$ cat model_31.csv   # CSV, C-alpha atoms
chain,number,residue,atom,x,y,z
A,926,MET,CA,0.0,0.0,0.0
A,927,THR,CA,1.2,3.5,-0.6
A,928,VAL,CA,1.1,7.1,0.4
A,929,MET,CA,-0.4,9.7,2.7
A,930,ALA,CA,-2.7,9.3,5.7
A,931,GLU,CA,-5.1,6.5,6.2
A,932,ARG,CA,-7.8,5.9,8.8
A,933,PRO,CA,-8.9,2.4,9.3
A,934,MET,CA,-12.7,2.0,9.1
A,935,THR,CA,-14.1,-0.7,11.3
A,936,VAL,CA,-16.8,-2.6,9.6
A,937,THR,CA,-20.2,-2.5,11.2
A,938,GLY,CA,-23.3,-4.5,10.6
A,939,THR,CA,-21.4,-7.8,9.8
A,940,ASP,CA,-20.0,-10.5,12.0
A,941,PRO,CA,-16.5,-9.2,12.8
A,942,HIS,CA,-15.2,-12.8,12.7
A,943,SER,CA,-16.6,-13.5,9.2
A,944,PHE,CA,-14.1,-12.9,6.5
A,945,GLU,CA,-16.7,-13.6,3.8
A,946,GLY,CA,-18.9,-10.9,5.4
A,947,MET,CA,-16.1,-8.4,5.3
A,948,LEU,CA,-15.4,-9.2,1.6
A,949,HIS,CA,-19.1,-8.7,0.8
A,950,THR,CA,-19.0,-5.3,2.6
A,951,LEU,CA,-15.9,-4.4,0.8
A,952,ASP,CA,-17.5,-5.2,-2.5
A,953,ASP,CA,-20.5,-3.0,-1.7
A,954,LEU,CA,-18.3,-0.1,-0.5
A,955,ASN,CA,-18.3,3.1,-2.5
A,956,VAL,CA,-14.5,3.6,-2.6
A,957,PRO,CA,-13.6,7.3,-3.4
A,958,ASP,CA,-11.7,7.9,-6.6
A,959,GLY,CA,-8.0,7.7,-6.0
A,960,PHE,CA,-8.3,5.2,-3.1
A,961,LYS,CA,-8.0,1.5,-2.7
A,962,ALA,CA,-9.5,-0.8,0.0
A,963,GLU,CA,-7.9,-3.7,1.8
A,964,ILE,CA,-8.8,-5.9,4.8
A,965,VAL,CA,-6.1,-5.4,7.5
A,966,ARG,CA,-6.3,-6.6,11.1
A,967,GLY,CA,-10.1,-7.1,10.8
A,968,ASN,CA,-10.7,-3.6,9.4
A,969,ILE,CA,-11.4,-2.3,6.0
A,970,VAL,CA,-8.6,0.3,5.3
A,971,LEU,CA,-8.8,2.9,2.6
A,972,SER,CA,-5.5,4.3,1.3
A,973,PRO,CA,-4.7,6.9,-1.3
A,974,TRP,CA,-2.9,5.8,-4.5
A,975,SER,CA,0.7,6.5,-5.1
A,976,ARG,CA,2.8,9.6,-5.6
A,977,GLY,CA,3.9,10.1,-9.2
A,978,TYR,CA,7.4,8.8,-8.9
A,979,TYR,CA,6.3,5.7,-7.2
A,980,LEU,CA,4.7,4.7,-10.5
A,981,ASP,CA,8.1,5.0,-12.2
A,982,VAL,CA,9.7,2.8,-9.6
A,983,MET,CA,7.0,0.2,-10.1
A,984,ASP,CA,7.7,0.3,-13.8
A,985,LEU,CA,11.4,-0.2,-13.2
A,986,VAL,CA,10.7,-3.3,-11.0
A,987,CYS,CA,8.3,-4.8,-13.5
A,988,GLU,CA,10.5,-4.3,-16.5
A,989,GLN,CA,13.4,-6.1,-14.7
A,990,LEU,CA,11.5,-9.0,-13.2
A,991,ARG,CA,9.4,-9.7,-16.3
A,992,LEU,CA,12.5,-11.2,-17.9
A,993,HIS,CA,12.8,-13.7,-15.0
A,994,LEU,CA,9.2,-14.8,-14.3
A,995,PRO,CA,8.4,-18.4,-13.5
A,996,ASP,CA,6.7,-20.2,-16.4
A,997,GLY,CA,3.1,-19.2,-16.8
A,998,HIS,CA,3.4,-16.2,-14.4
A,999,ARG,CA,2.6,-12.6,-15.2
A,1000,ILE,CA,3.6,-9.4,-13.3
A,1001,SER,CA,1.4,-6.3,-12.9
A,1002,GLN,CA,1.1,-3.2,-10.8
A,1003,GLY,CA,-2.1,-1.4,-9.8
A,1004,PRO,CA,-5.5,-2.5,-8.5
A,1005,ALA,CA,-6.0,-6.2,-7.8
A,1006,LEU,CA,-7.4,-7.7,-4.6
A,1007,TYR,CA,-5.8,-11.0,-3.5
A,1008,VAL,CA,-7.7,-12.9,-0.8
A,1009,PHE,CA,-6.2,-15.1,1.9
A,1010,PRO,CA,-9.1,-16.8,3.6
A,1011,GLY,CA,-6.9,-18.9,5.8
A,1012,ILE,CA,-5.6,-15.8,7.6
A,1013,GLY,CA,-8.6,-13.5,7.1
A,1014,ARG,CA,-6.8,-10.9,5.0
A,1015,ALA,CA,-7.3,-9.3,1.6
A,1016,TYR,CA,-4.5,-7.2,0.1
A,1017,GLY,CA,-4.0,-5.1,-3.0
A,1018,PRO,CA,-0.2,-5.2,-3.4
A,1019,ASP,CA,1.5,-2.4,-5.3
A,1020,ILE,CA,3.3,-5.0,-7.6
A,1021,HIS,CA,2.2,-8.6,-7.9
A,1022,ALA,CA,3.3,-11.6,-9.9
A,1023,ALA,CA,1.0,-14.7,-10.1
A,1024,HIS,CA,0.3,-17.6,-12.3
A,1025,ARG,CA,-2.2,-16.6,-15.0
A,1026,ARG,CA,-4.6,-19.4,-14.1
A,1027,GLY,CA,-5.3,-17.4,-10.9
A,1028,ARG,CA,-6.4,-14.5,-13.1
A,1029,ARG,CA,-8.6,-16.4,-15.4
A,1030,THR,CA,-11.7,-15.6,-13.4
A,1031,THR,CA,-14.7,-13.3,-13.5
A,1032,SER,CA,-14.4,-12.6,-9.8
A,1033,ASN,CA,-12.6,-9.5,-8.4
A,1034,HIS,CA,-11.2,-11.7,-5.6
A,1035,LEU,CA,-8.0,-13.3,-6.8
A,1036,ASP,CA,-6.4,-16.3,-5.2
A,1037,GLY,CA,-3.5,-15.4,-3.0
A,1038,GLU,CA,-2.1,-18.9,-3.4
A,1039,ALA,CA,-1.3,-18.1,-7.0
A,1040,LEU,CA,1.2,-15.4,-6.1
A,1041,SER,CA,4.9,-15.9,-6.6
A,1042,PHE,CA,5.9,-12.3,-5.7
A,1043,VAL,CA,4.5,-9.2,-4.1
A,1044,ALA,CA,6.0,-5.8,-3.5
A,1045,GLU,CA,4.9,-2.9,-1.4
A,1046,LEU,CA,6.1,0.7,-1.6
A,1047,THR,CA,5.9,2.3,1.8
A,1048,SER,CA,4.4,5.6,2.8
A,1049,PRO,CA,4.6,7.3,6.2
A,1050,SER,CA,1.1,6.0,7.0
A,1051,THR,CA,1.5,2.4,5.7
A,1052,ARG,CA,5.1,1.7,6.5
A,1053,SER,CA,4.4,0.0,9.8
A,1054,VAL,CA,1.9,-2.4,8.3
A,1055,ASP,CA,4.1,-3.1,5.3
A,1056,LEU,CA,7.1,-4.0,7.5
A,1057,THR,CA,5.3,-6.0,10.2
A,1058,ASP,CA,1.8,-7.3,9.5
A,1059,LYS,CA,2.4,-8.0,5.8
A,1060,VAL,CA,5.7,-9.7,6.5
A,1061,GLU,CA,3.9,-12.1,8.7
A,1062,ASP,CA,0.8,-12.4,6.6
A,1063,TYR,CA,2.4,-12.9,3.2
A,1064,GLY,CA,4.9,-15.4,4.7
A,1065,GLN,CA,2.2,-17.3,6.5
A,1066,ALA,CA,0.2,-17.4,3.3
A,1067,GLY,CA,3.2,-19.0,1.5
A,1068,VAL,CA,4.1,-16.1,-0.9
A,1069,PRO,CA,7.6,-17.1,-2.0
A,1070,LEU,CA,9.1,-13.6,-2.2
A,1071,TYR,CA,8.1,-10.3,-0.6
A,1072,LEU,CA,9.8,-7.1,-1.5
A,1073,VAL,CA,9.5,-4.0,0.6
A,1074,LEU,CA,10.7,-0.7,-1.0
A,1075,ASP,CA,11.1,1.6,2.0
A,1076,MET,CA,10.6,4.9,0.3
A,1077,GLN,CA,11.2,6.8,3.5
A,1078,LYS,CA,14.6,5.2,4.4
A,1079,GLU,CA,15.4,4.6,0.7
A,1080,GLN,CA,16.2,1.0,1.0
A,1081,ALA,CA,15.0,-2.3,-0.4
A,1082,THR,CA,14.4,-5.5,1.6
A,1083,VAL,CA,13.6,-8.9,0.2
A,1084,PHE,CA,12.0,-11.6,2.4
A,1085,TRP,CA,12.1,-15.3,1.4
A,1086,GLY,CA,11.6,-18.7,2.9
A,1087,PRO,CA,8.0,-18.4,4.0
A,1088,TYR,CA,6.8,-20.1,7.2
A,1089,ALA,CA,4.1,-19.9,9.8
A,1090,LYS,CA,5.4,-16.7,11.4
A,1091,GLY,CA,6.6,-14.9,8.4
A,1092,TYR,CA,9.9,-15.4,6.5
A,1093,GLU,CA,13.1,-17.1,7.5
A,1094,CYS,CA,15.4,-14.9,5.5
A,1095,ARG,CA,15.8,-11.2,4.6
A,1096,LEU,CA,18.3,-9.0,2.9
A,1097,THR,CA,18.4,-5.2,2.7
A,1098,LYS,CA,20.3,-2.9,0.3
A,1099,PRO,CA,20.2,0.9,0.0
A,1100,PHE,CA,18.7,2.3,-3.1
A,1101,GLY,CA,21.2,2.6,-5.8
A,1102,GLU,CA,22.7,-0.9,-5.2
A,1103,LYS,CA,21.8,-4.3,-6.6
A,1104,LEU,CA,19.6,-6.6,-4.6
A,1105,PRO,CA,19.8,-10.4,-5.3
A,1106,LEU,CA,16.4,-12.1,-5.5
A,1107,PRO,CA,16.3,-15.8,-4.8
A,1108,GLU,CA,14.1,-18.4,-6.4
A,1109,PRO,CA,11.7,-18.5,-8.1
A,1110,PHE,CA,13.3,-15.4,-9.8
A,1111,ASP,CA,17.0,-16.0,-9.2
A,1112,CYS,CA,18.1,-12.6,-10.5
A,1113,VAL,CA,19.4,-9.3,-9.4
A,1114,LEU,CA,17.2,-6.2,-9.0
A,1115,ASP,CA,19.0,-3.0,-9.8
A,1116,THR,CA,17.5,-0.3,-7.5
A,1117,THR,CA,19.1,2.6,-9.4
A,1118,GLY,CA,16.5,5.3,-10.0
A,1119,PHE,CA,14.4,4.4,-7.0
A,1120,HIS,CA,15.2,7.6,-5.1
A,1121,ALA,CA,12.7,10.5,-4.8
A,1122,PRO,CA,13.3,13.2,-7.4
A,1123,GLN,CA,14.8,16.4,-6.3
A,1124,GLU,CA,12.1,19.1,-6.1
A,1125,PRO,CA,13.1,22.5,-7.6
A,1126,GLU,CA,13.8,25.1,-5.1
A,1127,GLN,CA,11.1,27.7,-4.6
A,1128,GLY,CA,12.5,31.1,-5.6

$ encode --input "model_31.csv" --output "structure tokens"
Amino acid sequence: MTVMAERPMTVTGTDPHSFEGMLHTLDDLNVPDGFKAEIVRGNIVLSPWSRGYYLDVMDLVCEQLRLHLPDGHRISQGPALYVFPGIGRAYGPDIHAAHRRGRRTTSNHLDGEALSFVAELTSPSTRSVDLTDKVEDYGQAGVPLYLVLDMQKEQATVFWGPYAKGYECRLTKPFGEKLPLPEPFDCVLDTTGFHAPQEPEQG
């Protein structure tokens, strides 16, 4: 998730322990233009879309990883809701790679088990969730690789080796360096160009 302030909205009128009920509420929600909705910690959370240069960073990631995708997998950025019924979560990662069979559906709820890779670009309001809850949740759900691009600290961290409490391994490199990505990609991600652009001085 990316950018600016968010305020979790606690769902009312549904069983708080029913993941299916929350998904139904999310489907019926009138999400304002420029926002996306996820299910985080039993709440529906609305977050604004990305700053402009985040989109450029997402393009750079997709262009590099597209050459190393596992057979039958596709990589995309932007709106897609992946559901994880076993852990009661529904996330819309900034970048996601999954087997195309998981996308061959008329539903807007995509199968989280089809994912081979997710990446989140942090914002001040989402950074904590991206670096804590989602590390545990994506790992517990069995997503092979989770990449966090920490846009505030300007560093990239890859997590791999999913298990019940998150990931067994992690590696962090500052933006501008090359970050090795293990299987199923087995490649090197060049993070050159991931820094925020210099804003012109006000005269």

$ residues_around --input "model_31.csv" --residues "A:Tyr1071" --least-positions-apart "5" --cutoff "6 Å" --atoms "only C-alpha atoms" --output "list of chain:residue names"
A:Phe1042, A:Val1043, A:Ala1044, A:Val1083, A:Phe1084

$ residues_around --input "model_31.csv" --residues "A:Arg991" --least-positions-apart "4" --cutoff "10 Å" --atoms "all atoms listed in the file" --output "PyMOL selection string"
chain A and resi 986-987+995+998-1001+1022+1110

$ residues_around --input "model_31.csv" --residues "A:Arg1028" --least-positions-apart "6" --cutoff "12 Å" --atoms "only C-alpha atoms" --output "list in words"
Gly997, His998, Arg999, Ile1000, Ser1001, Ala1005, Leu1006, Tyr1007, His1021, Ala1022, His1034, Leu1035, Asp1036, Gly1037, Glu1038, Ala1039 and Leu1040 of chain A

$ residues_around --input "model_31.csv" --residues "A:Val1113" --least-positions-apart "3" --cutoff "8 Å" --atoms "only C-alpha atoms" --output "PyMOL selection string"
chain A and resi 1103-1106

$ atom_distance --input "model_31.csv" --atom1 "atom CA of A:Thr1031" --atom2 "atom CA of A:Gly1003"
17.7 Å

$ residues_around --input "model_31.csv" --residues "A:Glu1108" --least-positions-apart "4" --cutoff "9 Å" --atoms "all atoms listed in the file" --output "list in words"
Pro1069, Leu1070, Trp1085 and Cys1112 of chain A

$ atom_distance --input "model_31.csv" --atom1 "atom CA of A:Tyr1092" --atom2 "atom CA of A:Gly1118"
27.3 Å

$ atom_distance --input "model_31.csv" --atom1 "atom CA of A:Gly977" --atom2 "atom CA of A:Asn1033"
25.6 Å

$ closest_residue --input "model_31.csv" --among "A:Ser972, A:Ser1032, A:Gln989, A:Thr1116" --to "A:Val1008" --atoms "all atoms listed in the file"
A:Ser1032

$ closest_atom_pairs --input "model_31.csv" --of "stretch 1044-1085 of chain A" --to "stretch 966-970 of chain A" --cutoff "12 Å" --atoms "only C-alpha atoms" --output "tab-separated table"
residue	atom	partner	partner_atom	distance
A:Ser1050	CA	A:Val970	CA	11.4
A:Thr1051	CA	A:Val970	CA	10.3
A:Val1054	CA	A:Arg966	CA	9.6
A:Thr1057	CA	A:Arg966	CA	11.7
A:Asp1058	CA	A:Arg966	CA	8.3
A:Lys1059	CA	A:Arg966	CA	10.3
A:Glu1061	CA	A:Arg966	CA	11.8
A:Asp1062	CA	A:Arg966	CA	10.2

$ closest_residue --input "model_31.csv" --among "A:Ala1081, A:Leu1114, A:Leu971, A:Leu992" --to "A:Asn955" --atoms "all atoms listed in the file"
A:Leu971

$ closest_residue --input "model_31.csv" --among "A:Pro1109, A:Ala1015, A:Tyr979, A:Asp996" --to "A:Asp1075" --atoms "all atoms listed in the file"
A:Tyr979

$ axis_aligned_box --input "model_31.csv" --around "stretch 1045-1061 of chain A" --padding-each-side "6 Å" --output "JSON"
{"center_x": 4.1, "center_y": -2.4, "center_z": 4.3, "size_x": 18.0, "size_y": 31.4, "size_z": 23.8}
